[in-house]
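This is target10.cif (mmCIF, C-alpha atoms).
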data_work
loop_
_atom_site.label_atom_id
_atom_site.label_comp_id
_atom_site.auth_asym_id
_atom_site.auth_seq_id
_atom_site.Cartn_x
_atom_site.Cartn_y
_atom_site.Cartn_z
CA MET A 2 -3.94 -13.68 13.13
CA ILE A 3 -2.47 -12.08 10.04
CA TYR A 4 -4.91 -9.23 9.50
CA TYR A 5 -7.86 -7.86 11.45
CA ALA A 6 -10.92 -6.42 9.71
CA GLY A 7 -10.56 -2.64 9.61
CA ASP A 8 -6.75 -2.72 9.62
CA GLU A 9 -5.00 -0.32 7.33
CA LEU A 10 -3.31 -2.08 4.49
CA SER A 11 0.39 -2.45 5.09
CA GLN A 12 1.44 -5.50 3.18
CA ILE A 13 0.20 -7.69 0.37
CA TYR A 14 0.77 -11.38 0.93
CA LEU A 15 1.30 -14.25 -1.45
CA ILE A 16 0.72 -17.67 0.12
CA LYS A 17 3.67 -19.95 -0.54
CA GLU A 18 2.62 -22.75 1.77
CA GLY A 19 -0.35 -23.45 3.98
CA TYR A 20 -3.93 -22.21 4.18
CA VAL A 21 -5.62 -19.05 5.40
CA LYS A 22 -9.23 -18.37 6.28
CA ALA A 23 -10.96 -15.04 5.68
CA TYR A 24 -13.92 -14.50 7.97
CA THR A 25 -16.22 -11.86 9.30
CA ILE A 26 -17.92 -11.39 12.67
CA LEU A 27 -21.68 -10.88 12.69
CA ASP A 28 -23.52 -8.48 15.00
CA SER A 29 -24.48 -11.53 17.06
CA GLY A 30 -20.79 -12.22 17.66
CA ASP A 31 -20.82 -15.37 15.53
CA THR A 32 -18.11 -15.75 12.93
CA ARG A 33 -18.75 -16.61 9.29
CA THR A 34 -16.15 -17.94 6.89
CA ILE A 35 -16.14 -15.98 3.66
CA PHE A 36 -13.47 -17.86 1.72
CA LEU A 37 -10.44 -20.06 2.10
CA LEU A 38 -7.11 -19.29 0.53
CA GLY A 39 -4.19 -21.52 -0.36
CA PRO A 40 -0.84 -21.54 -2.17
CA GLY A 41 -0.78 -19.06 -5.05
CA ASP A 42 -3.45 -16.83 -3.53
CA ILE A 43 -2.87 -13.16 -2.78
CA PHE A 44 -4.54 -11.25 0.01
CA PRO A 45 -6.05 -8.99 1.22
CA ILE A 46 -6.56 -6.80 -1.79
CA ALA A 47 -8.22 -9.10 -4.29
CA PHE A 48 -11.34 -6.95 -4.07
CA SER A 49 -9.87 -3.49 -4.35
CA VAL A 50 -11.46 -1.97 -7.44
CA THR A 51 -9.77 1.40 -7.34
CA MET A 52 -6.29 0.25 -6.35
CA ASP A 53 -6.38 3.15 -3.89
CA LEU A 54 -4.36 1.02 -1.52
CA LYS A 55 -3.33 3.92 0.71
CA ASN A 56 -6.91 4.29 1.96
CA TYR A 57 -7.86 0.65 1.71
CA LYS A 58 -9.25 -0.91 4.87
CA VAL A 59 -8.99 -4.64 5.23
CA LYS A 60 -12.50 -6.08 5.04
CA TYR A 61 -12.10 -9.43 6.73
CA PHE A 62 -10.13 -11.20 9.43
CA TYR A 63 -7.35 -13.34 7.98
CA GLN A 64 -6.29 -16.24 10.13
CA SER A 65 -3.85 -19.07 9.48
CA LEU A 66 -5.54 -22.47 9.35
CA THR A 67 -2.23 -24.31 9.16
CA ASP A 68 1.40 -23.22 9.51
CA VAL A 69 1.82 -20.76 6.67
CA GLN A 70 4.69 -19.31 4.74
CA LEU A 71 3.95 -15.98 3.11
CA GLN A 72 5.85 -13.67 0.84
CA TYR A 73 5.04 -10.03 1.36
CA LEU A 74 5.36 -6.73 -0.42
CA GLY A 75 4.57 -3.30 0.98
CA TYR A 76 1.38 -2.04 -0.66
CA GLU A 77 3.15 0.91 -2.35
CA ASN A 78 5.72 -1.41 -3.81
CA PHE A 79 3.01 -3.81 -4.96
CA LYS A 80 1.09 -0.98 -6.65
CA LYS A 81 4.24 0.30 -8.34
CA LEU A 82 5.10 -3.17 -9.57
CA THR A 83 1.64 -3.95 -10.95
CA GLU A 84 1.46 -0.59 -12.68
CA ALA A 85 5.03 -0.72 -13.94
CA ASN A 86 4.27 -2.57 -17.14
CA THR A 87 1.49 -4.38 -18.96
CA GLU A 88 2.97 -7.79 -18.20
CA ASN A 89 2.70 -7.23 -14.45
CA MET A 90 -0.76 -5.74 -14.75
CA SER A 91 -1.92 -8.66 -16.88
CA THR A 92 -0.56 -11.02 -14.20
CA TYR A 93 -2.64 -9.21 -11.61
CA VAL A 94 -5.70 -9.27 -13.89
CA ALA A 95 -5.17 -13.00 -14.52
CA TYR A 96 -5.14 -13.59 -10.79
CA MET A 97 -8.25 -11.46 -10.32
CA SER A 98 -10.03 -13.43 -13.06
CA ALA A 99 -9.16 -16.75 -11.41
CA SER A 100 -10.26 -15.35 -8.06
CA ASN A 101 -13.53 -14.15 -9.60
CA GLU A 102 -14.15 -17.56 -11.09
CA ALA A 103 -13.65 -19.21 -7.71
CA ILE A 104 -16.18 -16.82 -6.15
CA MET A 105 -18.67 -17.53 -8.94
CA LYS A 106 -18.20 -21.22 -8.29
CA GLN A 107 -18.96 -20.65 -4.62
CA LEU A 108 -22.06 -18.60 -5.51
CA GLU A 109 -23.23 -21.32 -7.89
CA ILE A 110 -22.98 -23.82 -5.02
CA MET A 111 -24.94 -21.57 -2.68
CA LYS A 112 -27.69 -21.03 -5.26
CA GLY A 113 -28.48 -24.75 -5.41
CA LYS A 114 -32.10 -25.55 -4.53
CA LYS A 115 -31.73 -28.50 -2.21
CA ALA A 116 -29.48 -28.37 0.82
CA ILE A 117 -28.00 -31.78 0.01
CA ASN A 118 -27.07 -30.59 -3.49
CA LYS A 119 -25.33 -27.53 -2.05
CA VAL A 120 -23.17 -29.67 0.21
CA VAL A 121 -22.46 -32.25 -2.52
CA MET A 122 -21.63 -29.49 -5.00
CA LEU A 123 -19.19 -28.01 -2.51
CA LEU A 124 -17.17 -31.24 -2.46
CA PRO A 125 -15.52 -30.87 -5.91
CA TYR A 126 -14.53 -27.32 -4.94
CA LEU A 127 -13.02 -28.52 -1.65
CA VAL A 128 -11.26 -31.39 -3.41
CA SER A 129 -9.83 -29.12 -6.10
CA LYS A 130 -8.59 -26.56 -3.60
CA PHE A 131 -7.53 -28.64 -0.61
CA GLY A 132 -7.65 -32.28 -1.61
CA GLU A 133 -4.79 -34.72 -1.77
CA ARG A 134 -5.46 -37.93 -3.63
CA ILE A 135 -5.01 -40.88 -1.29
CA ARG A 136 -6.62 -43.50 -3.50
CA PRO A 137 -7.80 -43.34 -7.13
CA ASP A 138 -11.26 -42.14 -6.11
CA SER A 139 -10.59 -40.75 -2.64
CA TYR A 140 -9.27 -37.38 -1.56
CA ARG A 141 -8.30 -36.23 1.92
CA LEU A 142 -8.66 -32.53 2.68
CA LYS A 143 -5.44 -30.93 3.90
CA ILE A 144 -7.29 -28.74 6.36
CA LYS A 145 -9.79 -29.41 9.10
CA LEU A 146 -13.20 -27.94 8.38
CA SER A 147 -15.90 -27.54 10.99
CA HIS A 148 -19.56 -28.07 10.16
CA GLN A 149 -20.00 -24.31 10.58
CA GLU A 150 -17.32 -23.68 7.94
CA ILE A 151 -18.94 -26.16 5.54
CA ALA A 152 -22.26 -24.46 6.27
CA ASP A 153 -20.81 -21.01 5.55
CA LEU A 154 -19.28 -22.12 2.27
CA SER A 155 -22.37 -23.95 1.03
CA GLY A 156 -25.07 -21.56 2.27
CA VAL A 157 -26.77 -24.16 4.48
CA THR A 158 -27.42 -23.81 8.21
CA ARG A 159 -24.99 -25.47 10.60
CA GLU A 160 -27.67 -27.77 11.94
CA THR A 161 -28.66 -28.97 8.46
CA THR A 162 -25.00 -29.37 7.54
CA THR A 163 -24.45 -31.69 10.48
CA THR A 164 -27.42 -33.82 9.41
CA LEU A 165 -26.26 -33.89 5.78
CA VAL A 166 -22.65 -34.72 6.63
CA LYS A 167 -23.91 -37.71 8.64
CA GLN A 168 -26.13 -38.69 5.70
CA LEU A 169 -23.16 -38.49 3.30
CA GLU A 170 -21.09 -40.55 5.73
CA ARG A 171 -23.78 -43.24 5.71
CA ARG A 172 -23.73 -43.19 1.89
CA GLY A 173 -19.96 -43.70 1.97
CA ILE A 174 -19.24 -40.38 0.27
CA LEU A 175 -17.69 -38.70 3.31
CA GLU A 176 -15.49 -40.07 6.03
CA GLN A 177 -13.99 -38.17 8.93
CA LEU A 178 -10.55 -39.16 10.09
CA LYS A 179 -8.90 -37.20 12.90
CA GLY A 180 -11.07 -34.21 12.09
CA ARG A 181 -10.18 -34.21 8.42
CA LEU A 182 -12.70 -35.06 5.75
CA ILE A 183 -12.11 -37.76 3.18
CA VAL A 184 -14.23 -37.55 0.04
CA HIS A 185 -14.93 -40.84 -1.70
CA THR A 186 -16.08 -39.91 -5.17
CA LYS A 187 -17.11 -43.44 -6.08
CA PRO A 188 -18.44 -44.92 -2.85
CA LYS A 189 -18.57 -48.67 -3.04
CA PHE A 190 -20.46 -49.39 0.13
CA LYS A 191 -23.24 -48.05 2.25
CA LYS A 192 -22.87 -48.10 5.99
CA LYS A 193 -25.84 -49.51 7.87
CA LYS A 194 -25.94 -46.94 10.67
CA MET B 3 -26.46 -32.43 -11.23
CA GLY B 4 -25.44 -33.66 -14.67
CA LEU B 5 -21.97 -34.91 -13.79
CA GLY B 6 -21.26 -37.61 -11.26
CA LEU B 7 -19.27 -36.67 -8.18
CA ALA B 8 -16.11 -38.37 -9.43
CA GLU B 9 -16.20 -36.57 -12.79
CA ALA B 10 -17.06 -33.23 -11.19
CA CYS B 11 -14.15 -33.55 -8.74
CA GLU B 12 -11.68 -34.55 -11.41
CA ILE B 13 -12.72 -31.86 -13.89
CA LEU B 14 -12.59 -29.08 -11.32
CA ARG B 15 -9.34 -30.36 -9.82
CA LEU B 16 -7.65 -30.35 -13.23
CA HIS B 17 -9.12 -26.97 -14.09
CA MET B 18 -7.90 -25.40 -10.84
CA ALA B 19 -4.45 -26.95 -11.32
CA GLN B 20 -4.24 -25.62 -14.88
CA GLN B 21 -5.40 -22.21 -13.79
CA LEU B 22 -2.91 -22.10 -10.94
CA SER B 23 -0.04 -23.15 -13.17
CA ALA B 24 -1.05 -20.48 -15.70
CA TYR B 25 -0.49 -17.59 -13.32
CA GLN B 26 1.53 -18.96 -10.41
CA LEU B 27 4.93 -18.47 -12.03
CA ARG B 28 3.98 -14.97 -13.09
CA ILE B 29 2.74 -14.11 -9.61
CA GLU B 30 5.90 -15.52 -8.07
CA LYS B 31 7.92 -13.37 -10.45
CA LEU B 32 5.97 -10.34 -9.26
CA PHE B 33 6.91 -11.21 -5.67
CA ASP B 34 10.49 -12.00 -6.60
CA GLY B 35 12.72 -10.60 -3.87
CA ALA B 36 9.80 -10.02 -1.49
CA GLY B 37 10.20 -10.69 2.21
CA LEU B 38 9.23 -13.97 3.79
CA LYS B 39 7.08 -14.40 6.90
CA LYS B 40 5.96 -17.49 8.72
CA TYR B 41 2.86 -17.77 10.86
CA PRO B 42 2.05 -20.77 13.00
CA LYS B 43 -1.36 -22.40 12.82
CA ASN B 44 -3.80 -20.15 14.67
#
Entire entry expressed as structure tokens:
Amino acid sequence: MIYYAGDELSQIYLIKEGYVKAYTILDSGDTRTIFLLGPGDIFPIAFSVTMDLKNYKVKYFYQSLTDVQLQYLGYENFKKLTEANTENMSTYVAYMSASNEAIMKQLEIMKGKKAINKVVMLLPYLVSKFGERIRPDSYRLKIKLSHQEIADLSGVTRETTTTLVKQLERRGILEQLKGRLIVHTKPKFKKKK
Amino acid sequence: MGLGLAEACEILRLHMAQQLSAYQLRIEKLFDGAGLKKYPKN
């Protein structure tokens, strides 16, 4: 675990390698994935509006999904650097804009009407963020995702997600290999069962 | 959905790659000289 929700902010991390999951714990004790982070992402302050980092409390749990390599800066140092000149601030703003766009994309997916569309619309996002091309029209995700995580990211219940994943497997769009999803963007066959 | 799955994947993949390359070097510069930590898979 890299950060616990409620922790005081000590360091700002830049992901060099690997993937990190941000999640929350519901009153029921269940966990819900909020977003997934990869190389080039900064955490945990992407959502600090005031930049009052001294009093900032970490909002989510941050857990490594793979082996990760992180660069870190103390929060005071990070604040000084970003406020030191317009170039650094514009870098931070550029990152915030990209981060905002990714969140909007996720919201767009969750606002889909049909559950199947939500899950299908999530696939390009997963491919763009975690996919490695293994064939011209096939991408393997670099991380393992549970049905609950897919459900959290698409706004569908876990039970429905399981049904839909099976449906997409039958249509040849999804394949699971050693727990990792393969997305076939141009499925050529339909499995019988 | 408008676009087919293949087109949607390719467009978003290229867009994310372009976006990342647009700020990654600048972000790395900001973290130039920062410490390095490794965490194993949780």
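Between chain B and the residues A:Asn56, A:Thr92, A:Ser98, A:Ser29, the shortest atom-to-atom distance, using all atoms listed in the file, involves A:Thr92.
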### Task
Go through the shown structure with the PyMOL selection byres ((chain B and resi 29) around 12) and write out the matching residues as a ChimeraX atom specification.
/A:14-17,40-43,72-73,79,82-83,88-97 /B:22-28,30-34,36
### Message
Based on all atoms listed in the file, which of the residues in chain B come within 8 Å of chain A? I want them as number ranges by chain.
### Response
B: 3, 7-8, 10-12, 14-16, 18-19, 21-22, 25-26, 28-29, 32-33, 36-44
Could you write out that same residue set with C-alpha atoms as a short mmCIF file (atom, residue, chain, number, x, y, z; two decimals), in the frame of the given file?
data_model
loop_
_atom_site.label_atom_id
_atom_site.label_comp_id
_atom_site.auth_asym_id
_atom_site.auth_seq_id
_atom_site.Cartn_x
_atom_site.Cartn_y
_atom_site.Cartn_z
CA MET B 3 -26.46 -32.43 -11.23
CA LEU B 7 -19.27 -36.67 -8.18
CA ALA B 8 -16.11 -38.37 -9.43
CA ALA B 10 -17.06 -33.23 -11.19
CA CYS B 11 -14.15 -33.55 -8.74
CA GLU B 12 -11.68 -34.55 -11.41
CA LEU B 14 -12.59 -29.08 -11.32
CA ARG B 15 -9.34 -30.36 -9.82
CA LEU B 16 -7.65 -30.35 -13.23
CA MET B 18 -7.90 -25.40 -10.84
CA ALA B 19 -4.45 -26.95 -11.32
CA GLN B 21 -5.40 -22.21 -13.79
CA LEU B 22 -2.91 -22.10 -10.94
CA TYR B 25 -0.49 -17.59 -13.32
CA GLN B 26 1.53 -18.96 -10.41
CA ARG B 28 3.98 -14.97 -13.09
CA ILE B 29 2.74 -14.11 -9.61
CA LEU B 32 5.97 -10.34 -9.26
CA PHE B 33 6.91 -11.21 -5.67
CA ALA B 36 9.80 -10.02 -1.49
CA GLY B 37 10.20 -10.69 2.21
CA LEU B 38 9.23 -13.97 3.79
CA LYS B 39 7.08 -14.40 6.90
CA LYS B 40 5.96 -17.49 8.72
CA TYR B 41 2.86 -17.77 10.86
CA PRO B 42 2.05 -20.77 13.00
CA LYS B 43 -1.36 -22.40 12.82
CA ASN B 44 -3.80 -20.15 14.67
#
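With atom CA of Lys179 of chain A on one side and atom CA of Ser147 of chain A on the other, the separation reads 12.1 Å.
Take atom CA of Lys167 of chain A and atom CA of Lys106 of chain A: the distance between them is 24.3 Å.
Atom CA of Lys145 of chain A to atom CA of Thr162 of chain A spans 15.3 Å [interatomic distance, one decimal].
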Axis-aligned box for all listed atoms of segment 23-32 of chain B, 3 Å per side, centre and edges in Å to one decimal, as JSON:
{"center_x": 3.4, "center_y": -16.7, "center_z": -11.9, "size_x": 15.0, "size_y": 18.8, "size_z": 13.6}
### Task
Determine the residue membership of the PyMOL selection byres ((chain A and resi 111) around 8) for the file above and supply it as a ChimeraX atom specification.
/A:107-110,112-113,119,154-157
